[in-house]
$ cat coords_20.cif   # mmCIF, C-alpha atoms and all ligand atoms
data_my_file
#
loop_
_atom_site.label_atom_id
_atom_site.label_comp_id
_atom_site.auth_asym_id
_atom_site.auth_seq_id
_atom_site.Cartn_x
_atom_site.Cartn_y
_atom_site.Cartn_z
CA MET A 1 11.49 10.49 -11.75
CA HIS A 2 10.40 7.10 -10.43
CA SER A 3 7.86 5.91 -12.89
CA VAL A 4 7.19 3.00 -15.17
CA THR A 5 5.03 2.62 -18.26
CA ILE A 6 2.93 -0.51 -18.67
CA GLY A 7 1.36 -0.41 -22.13
CA ASN A 8 -0.82 2.71 -22.09
CA VAL A 9 -0.62 3.16 -18.32
CA GLU A 10 1.90 5.33 -16.50
CA ILE A 11 2.64 4.52 -12.86
CA ARG A 12 4.57 6.94 -10.71
CA ALA A 13 5.84 6.33 -7.18
CA LEU A 14 4.95 9.04 -4.66
CA GLN A 15 6.97 8.76 -1.47
CA ASP A 16 4.87 9.61 1.56
CA ALA A 17 7.13 8.62 4.47
CA ARG A 18 10.15 6.60 5.56
CA PRO A 19 9.42 5.29 9.05
CA LEU A 20 11.94 3.33 11.07
CA MET A 21 10.49 0.17 12.58
CA ASP A 22 11.60 -2.27 15.25
CA PRO A 23 11.83 -5.73 13.63
CA ARG A 24 11.06 -7.27 17.02
CA TYR A 25 7.77 -5.41 17.03
CA MET A 26 7.04 -5.94 13.36
CA PHE A 27 8.09 -9.60 12.99
CA PRO A 28 8.12 -10.91 16.57
CA PRO A 29 8.53 -14.67 15.97
CA TYR A 30 11.20 -14.25 13.27
CA ALA A 31 13.20 -11.25 14.45
CA ASP A 32 16.22 -13.17 15.82
CA GLN A 33 16.64 -15.27 12.69
CA MET A 34 16.07 -12.16 10.58
CA LEU A 35 18.81 -10.17 12.29
CA ASP A 36 21.18 -13.13 11.93
CA GLU A 37 20.44 -13.66 8.27
CA TYR A 38 20.19 -10.00 7.20
CA PRO A 39 22.73 -8.09 9.29
CA ASP A 40 22.39 -5.05 6.98
CA LEU A 41 18.70 -4.78 7.82
CA ILE A 42 19.35 -2.52 10.79
CA VAL A 43 19.93 1.08 9.69
CA ASP A 44 19.71 2.69 13.15
CA GLN A 45 22.22 0.75 15.23
CA GLU A 46 21.56 2.53 18.48
CA ARG A 47 17.83 1.85 18.50
CA GLN A 48 18.05 -1.35 16.38
CA LEU A 49 15.54 -0.20 13.79
CA MET A 50 14.96 -1.17 10.18
CA GLN A 51 13.83 1.06 7.32
CA LEU A 52 10.32 0.83 5.99
CA GLN A 53 8.81 2.87 3.17
CA ILE A 54 5.33 4.22 2.71
CA THR A 55 4.81 4.89 -0.98
CA SER A 56 1.61 5.60 -2.88
CA PHE A 57 1.30 5.25 -6.63
CA LEU A 58 -0.21 7.68 -9.11
CA VAL A 59 -1.63 5.72 -12.02
CA ARG A 60 -2.64 7.49 -15.22
CA THR A 61 -5.11 5.16 -16.89
CA ALA A 62 -7.86 5.71 -19.44
CA GLY A 63 -7.55 9.47 -19.12
CA LYS A 64 -7.91 9.47 -15.31
CA ASN A 65 -5.57 10.10 -12.40
CA VAL A 66 -5.89 7.24 -9.95
CA LEU A 67 -4.10 7.38 -6.61
CA ILE A 68 -3.42 3.93 -5.17
CA ASP A 69 -3.56 4.34 -1.36
CA SER A 70 -3.28 7.68 0.38
CA GLY A 71 -0.39 7.20 2.81
CA LEU A 72 -0.16 8.39 6.41
CA GLY A 73 -1.60 11.87 6.06
CA ASN A 74 -0.32 14.98 7.82
CA ARG A 75 -1.51 14.23 11.36
CA LYS A 76 0.87 13.37 14.14
CA ARG A 77 0.74 9.65 14.93
CA SER A 78 2.79 7.75 17.42
CA GLY A 79 5.56 5.72 15.81
CA PHE A 80 5.25 7.43 12.43
CA PRO A 81 6.61 10.61 10.88
CA PRO A 82 3.94 12.78 9.18
CA GLY A 83 3.51 12.02 5.49
CA ASN A 84 4.69 14.09 2.52
CA LEU A 85 2.33 12.88 -0.18
CA ASP A 86 1.15 16.47 -0.76
CA GLU A 87 4.73 17.46 -1.68
CA ALA A 88 5.26 14.35 -3.79
CA LEU A 89 2.11 15.19 -5.76
CA ARG A 90 3.33 18.75 -6.26
CA GLU A 91 6.66 17.45 -7.54
CA ALA A 92 4.76 15.22 -9.95
CA GLY A 93 2.97 18.33 -11.22
CA VAL A 94 -0.44 17.07 -10.15
CA ASP A 95 -2.90 19.14 -8.15
CA ARG A 96 -5.00 17.31 -5.55
CA GLY A 97 -8.03 18.58 -7.46
CA GLU A 98 -6.92 16.52 -10.46
CA ILE A 99 -7.15 13.18 -8.64
CA ASP A 100 -10.19 11.36 -10.04
CA TYR A 101 -10.05 8.24 -7.87
CA VAL A 102 -8.39 7.19 -4.63
CA VAL A 103 -8.25 3.40 -4.68
CA HIS A 104 -7.64 1.64 -1.36
CA THR A 105 -5.91 -1.74 -1.21
CA HIS A 106 -7.15 -1.86 2.40
CA LEU A 107 -8.03 0.48 5.27
CA HIS A 108 -4.94 0.49 7.53
CA VAL A 109 -3.60 3.75 8.96
CA ASP A 110 -0.76 4.10 6.41
CA HIS A 111 -3.11 3.68 3.43
CA VAL A 112 -5.97 6.11 4.14
CA GLY A 113 -4.14 9.07 5.73
CA TRP A 114 -4.51 11.79 3.12
CA ASN A 115 -8.20 11.09 2.51
CA THR A 116 -8.80 13.97 4.89
CA VAL A 117 -6.92 16.82 6.57
CA ASP A 118 -8.18 18.80 9.56
CA ASN A 119 -9.56 22.28 8.92
CA GLU A 120 -9.00 25.25 11.27
CA GLN A 121 -11.76 24.00 13.54
CA GLY A 122 -9.95 20.67 13.81
CA GLU A 123 -12.58 18.82 11.78
CA PRO A 124 -11.56 16.42 9.03
CA GLU A 125 -12.24 17.58 5.48
CA ILE A 126 -11.80 15.52 2.32
CA TYR A 127 -8.42 16.44 0.83
CA PHE A 128 -9.11 15.49 -2.78
CA PRO A 129 -12.01 17.74 -3.83
CA LYS A 130 -13.12 15.79 -6.91
CA ALA A 131 -12.05 12.26 -6.11
CA ARG A 132 -14.23 9.21 -5.72
CA PHE A 133 -12.98 6.71 -3.14
CA VAL A 134 -12.81 3.07 -4.15
CA ILE A 135 -13.15 0.64 -1.26
CA GLN A 136 -13.65 -3.09 -1.04
CA GLU A 137 -16.98 -3.94 0.57
CA PRO A 138 -15.62 -6.75 2.83
CA GLU A 139 -12.90 -4.36 4.01
CA TRP A 140 -15.46 -1.66 4.83
CA ASP A 141 -17.70 -4.18 6.61
CA TYR A 142 -14.79 -5.50 8.68
CA TRP A 143 -13.52 -2.12 9.92
CA MET A 144 -16.41 0.28 9.87
CA GLU A 145 -18.71 -1.07 12.55
CA PRO A 146 -19.19 1.55 15.30
CA GLU A 147 -17.20 -0.29 18.01
CA LYS A 148 -14.13 -0.54 15.77
CA VAL A 149 -14.36 3.07 14.54
CA GLU A 150 -14.53 4.27 18.17
CA ALA A 151 -11.86 1.89 19.47
CA PRO A 152 -8.61 3.38 20.79
CA GLY A 153 -5.86 2.95 18.20
CA ASN A 154 -8.34 3.23 15.32
CA GLU A 155 -8.44 7.05 15.22
CA HIS A 156 -7.52 6.86 11.53
CA LEU A 157 -10.87 5.21 10.78
CA LYS A 158 -12.75 8.03 12.46
CA GLN A 159 -10.59 10.74 10.89
CA CYS A 160 -9.93 9.38 7.39
CA VAL A 161 -12.66 6.87 6.49
CA GLU A 162 -15.77 7.74 8.52
CA PRO A 163 -16.06 11.21 6.86
CA LEU A 164 -16.55 9.41 3.54
CA ARG A 165 -19.57 7.48 4.80
CA HIS A 166 -22.23 10.04 3.92
CA SER A 167 -20.23 11.90 1.28
CA GLY A 168 -21.81 10.03 -1.63
CA ARG A 169 -18.29 9.58 -2.99
CA ILE A 170 -17.54 5.93 -2.26
CA ASP A 171 -17.55 3.31 -5.03
CA PHE A 172 -17.71 -0.14 -3.49
CA PHE A 173 -16.14 -3.14 -5.19
CA ASN A 174 -16.12 -6.75 -4.12
CA GLY A 175 -12.97 -8.75 -4.85
CA GLU A 176 -11.86 -9.81 -8.31
CA ALA A 177 -13.40 -7.32 -10.73
CA PRO A 178 -12.20 -4.97 -13.44
CA PHE A 179 -11.81 -1.35 -12.34
CA ASP A 180 -11.38 0.07 -15.83
CA GLU A 181 -10.02 -1.06 -19.22
CA ASN A 182 -6.49 -1.44 -17.76
CA LEU A 183 -6.82 -2.13 -14.04
CA THR A 184 -8.28 -5.19 -12.32
CA PHE A 185 -8.65 -5.98 -8.63
CA ILE A 186 -6.95 -9.17 -7.48
CA GLY A 187 -8.22 -10.65 -4.22
CA THR A 188 -5.18 -10.96 -1.91
CA PRO A 189 -6.68 -11.54 1.56
CA GLY A 190 -4.73 -12.29 4.71
CA HIS A 191 -3.13 -8.99 5.63
CA THR A 192 -6.71 -7.80 6.08
CA PRO A 193 -9.92 -9.67 5.15
CA GLY A 194 -10.80 -7.50 2.14
CA HIS A 195 -7.26 -6.74 0.97
CA VAL A 196 -6.76 -6.40 -2.79
CA SER A 197 -3.84 -5.93 -5.12
CA ILE A 198 -4.22 -4.19 -8.46
CA GLY A 199 -3.34 -5.91 -11.71
CA VAL A 200 -2.32 -3.60 -14.55
CA TYR A 201 -2.81 -5.17 -17.99
CA SER A 202 -2.31 -2.95 -21.02
CA ALA A 203 -1.16 -3.53 -24.59
CA GLY A 204 0.31 -6.93 -23.74
CA GLU A 205 2.26 -5.70 -20.70
CA ARG A 206 1.58 -6.57 -17.06
CA ALA A 207 2.25 -5.24 -13.60
CA VAL A 208 0.91 -5.86 -10.13
CA ILE A 209 0.60 -3.25 -7.41
CA VAL A 210 0.70 -5.56 -4.44
CA GLY A 211 -0.42 -3.36 -1.53
CA ASP A 212 0.48 -5.00 1.79
CA ALA A 213 0.63 -8.56 0.49
CA SER A 214 4.37 -8.09 1.11
CA HIS A 215 6.23 -5.63 3.33
CA HIS A 216 9.87 -6.40 2.55
CA PRO A 217 12.00 -8.16 -0.10
CA MET A 218 13.42 -10.59 2.49
CA GLN A 219 10.00 -12.25 2.32
CA LEU A 220 11.14 -13.57 -1.08
CA ASP A 221 13.38 -15.97 0.88
CA HIS A 222 10.77 -16.41 3.61
CA PRO A 223 7.21 -15.97 2.33
CA ASP A 224 5.99 -17.40 5.65
CA TRP A 225 7.40 -14.44 7.62
CA SER A 226 4.09 -12.66 8.16
CA PRO A 227 4.35 -9.39 10.06
CA ALA A 228 2.36 -8.75 13.21
CA PHE A 229 -0.02 -6.56 11.17
CA ASP A 230 -1.25 -9.51 9.09
CA ILE A 231 -4.65 -10.28 10.57
CA GLU A 232 -4.61 -13.86 9.22
CA PRO A 233 -0.88 -14.73 9.08
CA GLU A 234 -1.20 -18.12 7.37
CA ARG A 235 -3.58 -16.86 4.74
CA ALA A 236 -1.32 -13.85 4.17
CA ALA A 237 1.68 -16.17 3.69
CA ALA A 238 -0.21 -18.28 1.13
CA THR A 239 -1.30 -15.15 -0.75
CA ARG A 240 2.28 -13.81 -0.72
CA SER A 241 3.71 -17.09 -2.05
CA ARG A 242 1.18 -17.11 -4.88
CA LEU A 243 1.98 -13.51 -5.88
CA PHE A 244 5.75 -14.16 -5.84
CA GLU A 245 5.24 -17.30 -7.93
CA GLU A 246 3.17 -15.47 -10.54
CA ALA A 247 5.49 -12.48 -10.72
CA ALA A 248 8.60 -14.67 -11.08
CA SER A 249 7.07 -16.88 -13.74
CA ASP A 250 5.56 -14.31 -16.10
CA GLY A 251 8.02 -11.44 -15.61
CA GLN A 252 5.36 -8.87 -14.77
CA THR A 253 6.49 -5.67 -13.10
CA TRP A 254 6.31 -5.83 -9.31
CA ILE A 255 5.22 -2.68 -7.47
CA ALA A 256 5.29 -2.67 -3.66
CA GLY A 257 4.75 0.46 -1.57
CA HIS A 258 6.56 -0.77 1.56
CA TRP A 259 9.62 -2.11 -0.30
CA PRO A 260 12.74 0.06 -0.72
CA TYR A 261 11.64 3.17 -2.60
CA PRO A 262 10.38 3.33 -5.31
CA GLY A 263 9.49 -0.35 -4.92
CA ILE A 264 9.21 -0.95 -8.67
CA GLY A 265 11.07 -3.76 -10.44
CA ARG A 266 11.00 -7.44 -11.30
CA ILE A 267 11.27 -10.68 -9.37
CA VAL A 268 13.73 -12.94 -11.13
CA PRO A 269 15.20 -16.37 -10.42
CA LEU A 270 18.90 -16.35 -9.53
CA ASN A 271 20.97 -19.29 -8.24
CA GLY A 272 17.92 -21.20 -7.09
CA LYS A 273 16.49 -18.20 -5.25
CA ARG A 274 14.20 -15.35 -6.18
CA VAL A 275 15.66 -11.89 -6.10
CA PHE A 276 14.27 -8.42 -6.65
CA GLN A 277 15.76 -6.32 -9.40
CA GLY A 278 14.69 -2.74 -8.83
CA LEU A 279 14.20 -0.30 -11.68
ZN ZN A 301 0.83 -0.74 5.01
#
$ encode --input "coords_20.cif" --output "C-alpha cells" --more "lines below"
Ligand SMILES: [Zn+2]
Amino acid sequence: MHSVTIGNVEIRALQDARPLMDPRYMFPPYADQMLDEYPDLIVDQERQLMQLQITSFLVRTAGKNVLIDSGLGNRKRSGFPPGNLDEALREAGVDRGEIDYVVHTHLHVDHVGWNTVDNEQGEPEIYFPKARFVIQEPEWDYWMEPEKVEAPGNEHLKQCVEPLRHSGRIDFFNGEAPFDENLTFIGTPGHTPGHVSIGVYSAGERAVIVGDASHHPMQLDHPDWSPAFDIEPERAAATRSRLFEEAASDGQTWIAGHWPYPGIGRIVPLNGKRVFQGL
C-alpha cells in the first residue's frame, strides 16, 4: 500500500509502467558524466538502459476521487510498455466510474494515456465515464492546434486529448489557482509551457505533486540536467531548482511520478547535499 496522508487528503501511488530508457537519448549532453557519476544507474547492462517509472496518483480530497495524470494507456507505443493503471486502480479498490476528476500536469504521451481506450471499431472512447478533465489553458493552446494534433509522433493528442474537445467535460485552469479546498496549482513551466505541479495543503501539512518538473533523483545533485523532453531546458532547470529549494526548506512531502516507485518521500539536507528519503 503506497499511500500517504496529508492532513485530510489521502494520496495513493498507482504504478502504470516501468519503461527502460537510454540515458544517451534522454539526457544527451550529460549522459557521459551521468554514467561516470552514477554507475548503478544502468539496470540493463546489455542495452545500457536506465529505469524510469510512470506513476499516477489517486488523491482523495473533499469527498472526490482525483486522478493526477493518466499514464501511458493501453495502446502499443514504440519505446514504451503498455500501461497498467487499470489494474492499479482495481487493486486500490476504485472503479473507473468513481473517478471524479482527471487532472493533467501537462499533455505529454505518458500523462494522458488512459483518458481514452479504443472500442471494438478502433475508435477512442473516454475511459472514465463520469470524470471531468482538468487541463491548463496554455498547455491546451500550445498542443492542440490542428497541425500539432495531426503531426507524426503526436498520435497521443489525437487519441487521448482531441476526443475531449467537444465532450463538454473539460475544466480549464490557468496557472496558479486553487483547485479545491486542499489542492492548488503551482505554475512550474519549462518542461512544457503550461506545466503545473499540484500543492496539497491540508490541516497544516504540505505536499507537492511535482509532475515532470523532475524526472530523476540525480537531478538533486544536478538541477541543470534537463532531459531532452524539456521544451525550455533553462526554464525547466530554474523551476526544478526552486521546487527542490522549497521542498528541502519546509519539509513538505515530495511526490514525483517518474522517480523510483512510489516516488513519495522527503528531500532532506545531508552532508552539504540534498538527498531523497523515500517513504
Ligand atoms: Zn512524463
$ closest_residue --input "coords_20.cif" --among "A:Gly175, A:Pro19, A:Pro217, A:Gly251" --to "Met50 of chain A" --atoms "only C-alpha atoms"
A:Pro19
$ residues_near_ligand --input "coords_20.cif" --ligand "ligand ZN 301 (chain A)" --cutoff "7 Å" --atoms "all atoms listed in the file" --output "list in words"
His108, Asp110, His111, Asp212 and His258 of chain A
$ residues_around --input "coords_20.cif" --residues "Arg240 of chain A" --least-positions-apart "5" --cutoff "7 Å" --atoms "all atoms listed in the file" --output "list in words"
Ala213, Ser214 and Pro223 of chain A
$ residues_around --input "coords_20.cif" --residues "Arg165 of chain A" --least-positions-apart "6" --cutoff "12 Å" --atoms "all atoms listed in the file" --output "MDAnalysis selection string"
chainID A and resid 126 132:133 135 140:141 144:145 149 157:159 171:172
$ closest_residue --input "coords_20.cif" --among "A:Ile264, A:Val200, A:Ala238, A:Val134" --to "Ala13 of chain A" --atoms "all atoms listed in the file"
A:Ile264
$ atom_distance --input "coords_20.cif" --atom1 "atom CA of Thr116 of chain A" --atom2 "atom CA of Ala131 of chain A"
11.6 Å
$ axis_aligned_box --input "coords_20.cif" --around "segment 123-142 of chain A" --padding-each-side "4 Å" --output "lines of an AutoDock Vina configuration file"
center_x = -13.1
center_y = 6.0
center_z = 2.4
size_x = 17.3
size_y = 33.6
size_z = 26.7
$ residues_around --input "coords_20.cif" --residues "Leu41 of chain A" --least-positions-apart "4" --cutoff "12 Å" --atoms "only C-alpha atoms" --output "PDB file with C-alpha atoms, keeping the file's coordinate frame"
ATOM      1  CA  LEU A  20      11.940   3.330  11.070  1.00  0.00           C
ATOM      2  CA  MET A  21      10.490   0.170  12.580  1.00  0.00           C
ATOM      3  CA  ASP A  22      11.600  -2.270  15.250  1.00  0.00           C
ATOM      4  CA  PRO A  23      11.830  -5.730  13.630  1.00  0.00           C
ATOM      5  CA  ALA A  31      13.200 -11.250  14.450  1.00  0.00           C
ATOM      6  CA  ASP A  32      16.220 -13.170  15.820  1.00  0.00           C
ATOM      7  CA  GLN A  33      16.640 -15.270  12.690  1.00  0.00           C
ATOM      8  CA  MET A  34      16.070 -12.160  10.580  1.00  0.00           C
ATOM      9  CA  LEU A  35      18.810 -10.170  12.290  1.00  0.00           C
ATOM     10  CA  ASP A  36      21.180 -13.130  11.930  1.00  0.00           C
ATOM     11  CA  GLU A  37      20.440 -13.660   8.270  1.00  0.00           C
ATOM     12  CA  GLN A  45      22.220   0.750  15.230  1.00  0.00           C
ATOM     13  CA  GLN A  48      18.050  -1.350  16.380  1.00  0.00           C
ATOM     14  CA  LEU A  49      15.540  -0.200  13.790  1.00  0.00           C
ATOM     15  CA  MET A  50      14.960  -1.170  10.180  1.00  0.00           C
ATOM     16  CA  GLN A  51      13.830   1.060   7.320  1.00  0.00           C
ATOM     17  CA  LEU A  52      10.320   0.830   5.990  1.00  0.00           C
ATOM     18  CA  HIS A 216       9.870  -6.400   2.550  1.00  0.00           C
ATOM     19  CA  PRO A 217      12.000  -8.160  -0.100  1.00  0.00           C
ATOM     20  CA  MET A 218      13.420 -10.590   2.490  1.00  0.00           C
ATOM     21  CA  PRO A 260      12.740   0.060  -0.720  1.00  0.00           C
TER      22      PRO A 260
END
$ closest_residue --input "coords_20.cif" --among "A:Asp250, A:Glu162, A:Asp224, A:Glu232" --to "Val112 of chain A" --atoms "only C-alpha atoms"
A:Glu162
$ atom_distance --input "coords_20.cif" --atom1 "atom CA of Ser241 of chain A" --atom2 "atom CA of Gln219 of chain A"
9.1 Å
$ residues_around --input "coords_20.cif" --residues "Arg75 of chain A" --least-positions-apart "3" --cutoff "10 Å" --atoms "all atoms listed in the file" --output "list of chain:residue names"
A:Leu72, A:Ser78, A:Phe80, A:Pro81, A:Pro82, A:Gly83, A:Gly113, A:Trp114, A:Thr116, A:Val117, A:Asp118, A:His156, A:Gln159
$ atom_distance --input "coords_20.cif" --atom1 "atom CA of Glu176 of chain A" --atom2 "atom CA of Val66 of chain A"
18.1 Å
$ residues_around --input "coords_20.cif" --residues "Leu58 of chain A" --least-positions-apart "5" --cutoff "7 Å" --atoms "all atoms listed in the file" --output "PyMOL selection string"
chain A and resi 11-14+65-68
$ closest_residue --input "coords_20.cif" --among "A:Val161, A:Glu46, A:Asn119, A:Ile209" --to "Leu243 of chain A" --atoms "all atoms listed in the file"
A:Ile209
$ closest_residue --input "coords_20.cif" --among "A:Pro29, A:Gly265, A:Pro233, A:Gly63" --to "Gly278 of chain A" --atoms "all atoms listed in the file"
A:Gly265
$ closest_residue --input "coords_20.cif" --among "A:Gly153, A:Gly73, A:Gly204, A:Gly168" --to "Tyr127 of chain A" --atoms "all atoms listed in the file"
A:Gly73
